[in-house]
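> Structure in structure tokens, see below.
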Amino acid sequence: MIRVDGQGNGKSLIQVRGLSKTYRRGGEEIQVLQRLNLDVDKGDFVGFMGPSGSGKTTLLNLLGGLDVPSQGSITVDGDEITHMSGSKLTQWRARHVGFIFQMYNLIPVLTAFQNVELPLLLTKLSKSERRTHVETALNVVGLSNRMDHYPRQLSGGQEQRVTIARAIVSDPTFLLCDEPTGDLDRKSADEIMALIEELVANHGKTVLMVTHDAVVAARAHTTLHLDKGVLVEASKLEQGVVAGGVA
Amino acid sequence: MKFRSLIFANLFRKKVRLILTIGSFAIALVLFTFLAVVNSAFSRGIDIAGADRLVIVNRIGLIQTMPISYGDQVRTIPGVKYVTQDHWFGGVYQDEKNFFPQFAIDVDNHRKVYPEFIVPDDQWNTFVKDQQGAIVGARTAKRFGWKVGDHIPIKNTLYGPTKTWEFNLDGIYHTEKADGDESQFWFQWKLFDENVPAYAKSTAGWYILKLDSPDDSARVAKAIDAKYANSSYETKTETESAFAAGFAKQFGNIEFLILAIGSVVFFTLLLVTGNTMAISVRERVGELAVLKAIGVTDGSVLFLVLAESMMIALFGGLLGLLLAWVAIPVISTALTGLLPPLLLSKTMLSLGLAFAVFVGAASGLIPGISAMRMRVVNALRRV
């Protein structure tokens with residue numbers, strides 16, 4: 001169950017309370033996020049939409065422990081990450097977060113296998129255990145026959161599949177997807193979304209996804225709109241529009 | 001090392017750049033090694049000088065002689081164990097470019113003072129009995145293809161009237177240490193004294209003293225110089241190492257020159273490699289950001305950059321040392337007579353490799369720290 005009113009039961013996998021983020025540009029203060037609340041349960045698939053500069057990526061960075069909020073707290077699976085030190089946060093990310101980026105961000109000099117293996121190098125798994133995990137992940141994304149290919153030898157859709165395999169290989173608590181289909185054609189985007197849906201449905205993954213694409217966003221369980229630093233559920237936004245007001 | 005494949009993959013990412021950087025390292029290492037061996041060649045005399053030996057020279061200068069009677073007088077000073085004298089001959093074998101040092105030596109005491117020069121007893125005994133005999137260092141013998149029994153004509157350039165002095169090669173000496181001086185040519189002082197003009201008779205070029213204890217050196221030196229103060233032949237007595245250092249300085253301040261060139265090489269290499277690493281890190285800001293995002297620690301990011309720069313340094317260093325190992329003996333042979341023998345020791349090779357790795361680490365440090373401090377959010381925004 002996804003809530004944005006801060007009235008969750010405290011058992012949600014991700015709990016965000018009073019989250020604010022302010023940037024200073026020159027002498028000007030820019031408030032990107034304003035007192036956000038969010039509750040996401042395990043197995044939820046949330047889509048975030050909103051105009052450019054609305055703070056979608058900032059929210060994703062904060063949820064992934066890549067940035068620190070100006071105010072508020074984020075608790076994931078019982079761990080409050082907002083007060084963690086840099087090194088603790090790095091360890092936490094390795095254990096709990098799988099990142100999927102718009103530009104894939106694969107290491108071009110490593111094969112698909114080696115790219116997917118990267119997060120496992122931070123664990124104590126043996127070489128043979130790592131191999132098993134990587135092969136499984138590549139099998140899930142349907143690229144078991146492309147293990148030894150370099151990113152330049154793969155199509156955009158295949159590169160994104162490798163990124164997804166890299167994100168899921170260490171079995172993280174949740175996946176953060178920043179415009180996962182933003183650089184793909186419609187057919188490839190559909191395939192990637194089908195894969196993400198399968199990860200949610202069959203593997204119980206929790207996914208938080210930022211997108212500009214309403215078609216892509218519609219495949220999430222819930223779509224939240226971010227505008228002027230505030231989160232609004234899509235259904236309420238529609239009601240607001242129908243009523244002629246602003247949600 | 002789990003990141004081995006990543007380090008090697010990054011290393012070979014830009015092959016032309018890698019080859020050029022390794023080439024810079026290799027050339028710098030050849031130069032560094034060459035300078036080091038030249039410095040070592042000039043300071044070798046200082047390094048191998050006996051701590052318990054003093055050298056007496058004429059206070060005016062090395063080319064001025066002293067009376068031969070000084071030897072017996074000095075021997076009576078307490079603390080002096082043995083005294084021997086040498087005299088510079090300065091002859092030419094066939095051609096002036098075939099330079100090697102020739103000394104008229106005191107056969108009675110030379111071996112006692114210089115035990116590190118090893119001559120087989122039978123060869124030495126033949127030499128002592130043969131007034132036209134000579135002993136030569138193994139390096140010079142090898143250089144000219146001489147063997148025991150050969151007749152060696154040396155053109156006299158300083159002490160007329162005899163144009164050429166004929167010597168019988170009675171023995172070949174070696175040194176205990178691999179880098180010892182095996183270039184000298186010795187013949188009997190008695191022969192020298194009988195054949196030189198009157199002005200050079202009964203003279204010694206310099207005296208070498210072996211002391212009972214190195215602790216006596218300051219006292220004995222002071223006593224000798226005091227003894228001959230205000231005489232016609234005032235003396236300057238110093239330890240053998242100080243004498244060798246003074247001799248080397250006649251060629252100019254070699255050490256300073258080498259240090260200056262070495263520093264330029266070091267900083268140029270540091271800048272070249274540092275720039276290469278900085279460009280390399282800048283090119284993959286996004287990749288480093290992803291590594292940090294997935295949980296690679298800041299320390300590991302620094303390690304990855306440093307490992308890469310040190311690998312370049314190691315490869316370049318090894319290549320440079322290999323080239324130096326091949327080239328230095330060739331250069332040494334080509335410069336025989338102009339420079340002392342150039343010997344590339346294991347210590348120098350290790351020093352060269354340590355130098356390369358140090359430069360590698362230093363050049364990777366700044367790009368490594370900037371990669372380490374890079375904020376993931378900012379870096380991802382730039383991708």
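Convention: chains lettered A, B, ... in structure tokens order; per-chain residue numbering from 1; ligands numbered from 1 as shown.
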With a distance threshold of 10 Å and counting only C-alpha atoms, extract the residues of chain A near chain B and express them as a VMD selection string.
chain A and resid 57 to 58 61 to 62 64 to 67 86 to 99 101 103 to 111 114 to 115 118 to 122 127 166 to 167
> List as a ChimeraX atom specification the protein and nucleic acid residues near range 76-82 of chain B, meaning an atom at most 6 Å away when only C-alpha atoms are counted, but skip any in the same chain fewer than 4 places from it.
/B:209-212
> How would the residues just chosen look if you wrote them out with N, CA and C atoms as an mmCIF file, in the first residue's frame?

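Ended up saving to again-v6.cif:
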```cif
data_model
loop_
_atom_site.group_PDB
_atom_site.id
_atom_site.type_symbol
_atom_site.label_atom_id
_atom_site.label_comp_id
_atom_site.auth_asym_id
_atom_site.auth_seq_id
_atom_site.Cartn_x
_atom_site.Cartn_y
_atom_site.Cartn_z
ATOM 1 N N LEU B 209 98.700 4.996 3.816
ATOM 2 C CA LEU B 209 99.027 4.436 5.131
ATOM 3 C C LEU B 209 97.905 3.522 5.590
ATOM 4 N N LYS B 210 98.309 2.387 6.131
ATOM 5 C CA LYS B 210 97.305 1.558 6.797
ATOM 6 C C LYS B 210 97.533 1.735 8.294
ATOM 7 N N LEU B 211 96.443 2.036 9.007
ATOM 8 C CA LEU B 211 96.555 2.327 10.434
ATOM 9 C C LEU B 211 96.206 1.106 11.276
ATOM 10 N N ASP B 212 96.643 1.157 12.522
ATOM 11 C CA ASP B 212 96.247 0.082 13.450
ATOM 12 C C ASP B 212 94.740 0.114 13.668
#
```
> Contacts of Val148 in chain B at 6 Å or less, counting only C-alpha atoms, minus same-chain residues fewer than 2 places along, as a list in words?
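The filter keeps Asp150, Leu169, Asp170 and Gly171 of chain B.
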> Could you please determine the separation between CA of Val141 in chain A and CA of Asp39 in chain A in Å, to one decimal place?
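We find that CA of Val141 in chain A and CA of Asp39 in chain A lie 28.5 Å from each other.
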> Residues near range 128-136 of chain A, anyone? I mean within 7 Å using only C-alpha atoms, not counting same-chain ones fewer than 6 positions away, as number ranges by chain.
A: 113, 116-117, 120, 144, 169
> Could you turn the residues from that selection into a file that holds N, CA and C atoms, as a compact mmCIF listing (two decimals), in the first residue's frame?

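In the end it all went to part38.txt:
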```
# COMPACT_ATOMS: atom_id res chain seq x y z
N PHE A 113 29.12 -10.06 -18.39
CA PHE A 113 29.32 -10.87 -17.18
C PHE A 113 30.07 -10.06 -16.11
N VAL A 116 27.99 -7.26 -14.55
CA VAL A 116 26.99 -7.76 -13.59
C VAL A 116 27.67 -8.25 -12.32
N GLU A 117 28.89 -8.73 -12.46
CA GLU A 117 29.61 -9.26 -11.30
C GLU A 117 30.08 -8.16 -10.33
N LEU A 120 28.96 -7.88 -6.77
CA LEU A 120 29.31 -9.06 -5.97
C LEU A 120 30.77 -9.04 -5.51
N SER A 144 21.61 -14.71 -21.19
CA SER A 144 22.61 -15.72 -20.83
C SER A 144 23.52 -16.05 -22.02
N VAL A 169 21.51 -8.53 -9.12
CA VAL A 169 22.39 -9.68 -8.85
C VAL A 169 22.68 -9.89 -7.36
```
> So which bits of range 205-305 of chain B end up strand (DSSP E) when you DSSP the backbone, as a PyMOL selection string?
chain B and resi 206-211+235-239
> Might you pull out every residue within 6 Å of Leu38 in chain A, with only C-alpha atoms counted and same-chain residues fewer than 3 positions away left off, and present them as a PDB file with C-alpha atoms, in the first residue's frame?

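What ended up in result-v5.pdb:
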```pdb
ATOM      1  CA  ARG A   3       0.585   6.441   0.986  1.00  0.00           C
ATOM      2  CA  VAL A   4       1.744  10.019   0.746  1.00  0.00           C
ATOM      3  CA  GLN A  15       9.021   5.329   5.220  1.00  0.00           C
ATOM      4  CA  VAL A  16       9.710   8.924   4.305  1.00  0.00           C
TER       5      VAL A  16
END
```
> Would you kindly return, as number ranges by chain, each protein, DNA or RNA residue with an atom no farther than 8 Å from any atom of Gly18 in chain A, considering only C-alpha atoms and excluding same-chain residues fewer than 3 positions away?
A: 34-37, 71-73
> In Å, with one decimal, what is the gap from CA of Asn139 in chain A to CA of Val40 in chain A?
28.2 Å
> Between CA of His87 in chain B and CA of Ala41 in chain B, what distance in Å does the model show, to one decimal?
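Rounded to one decimal, the two atoms are 22.6 Å apart.
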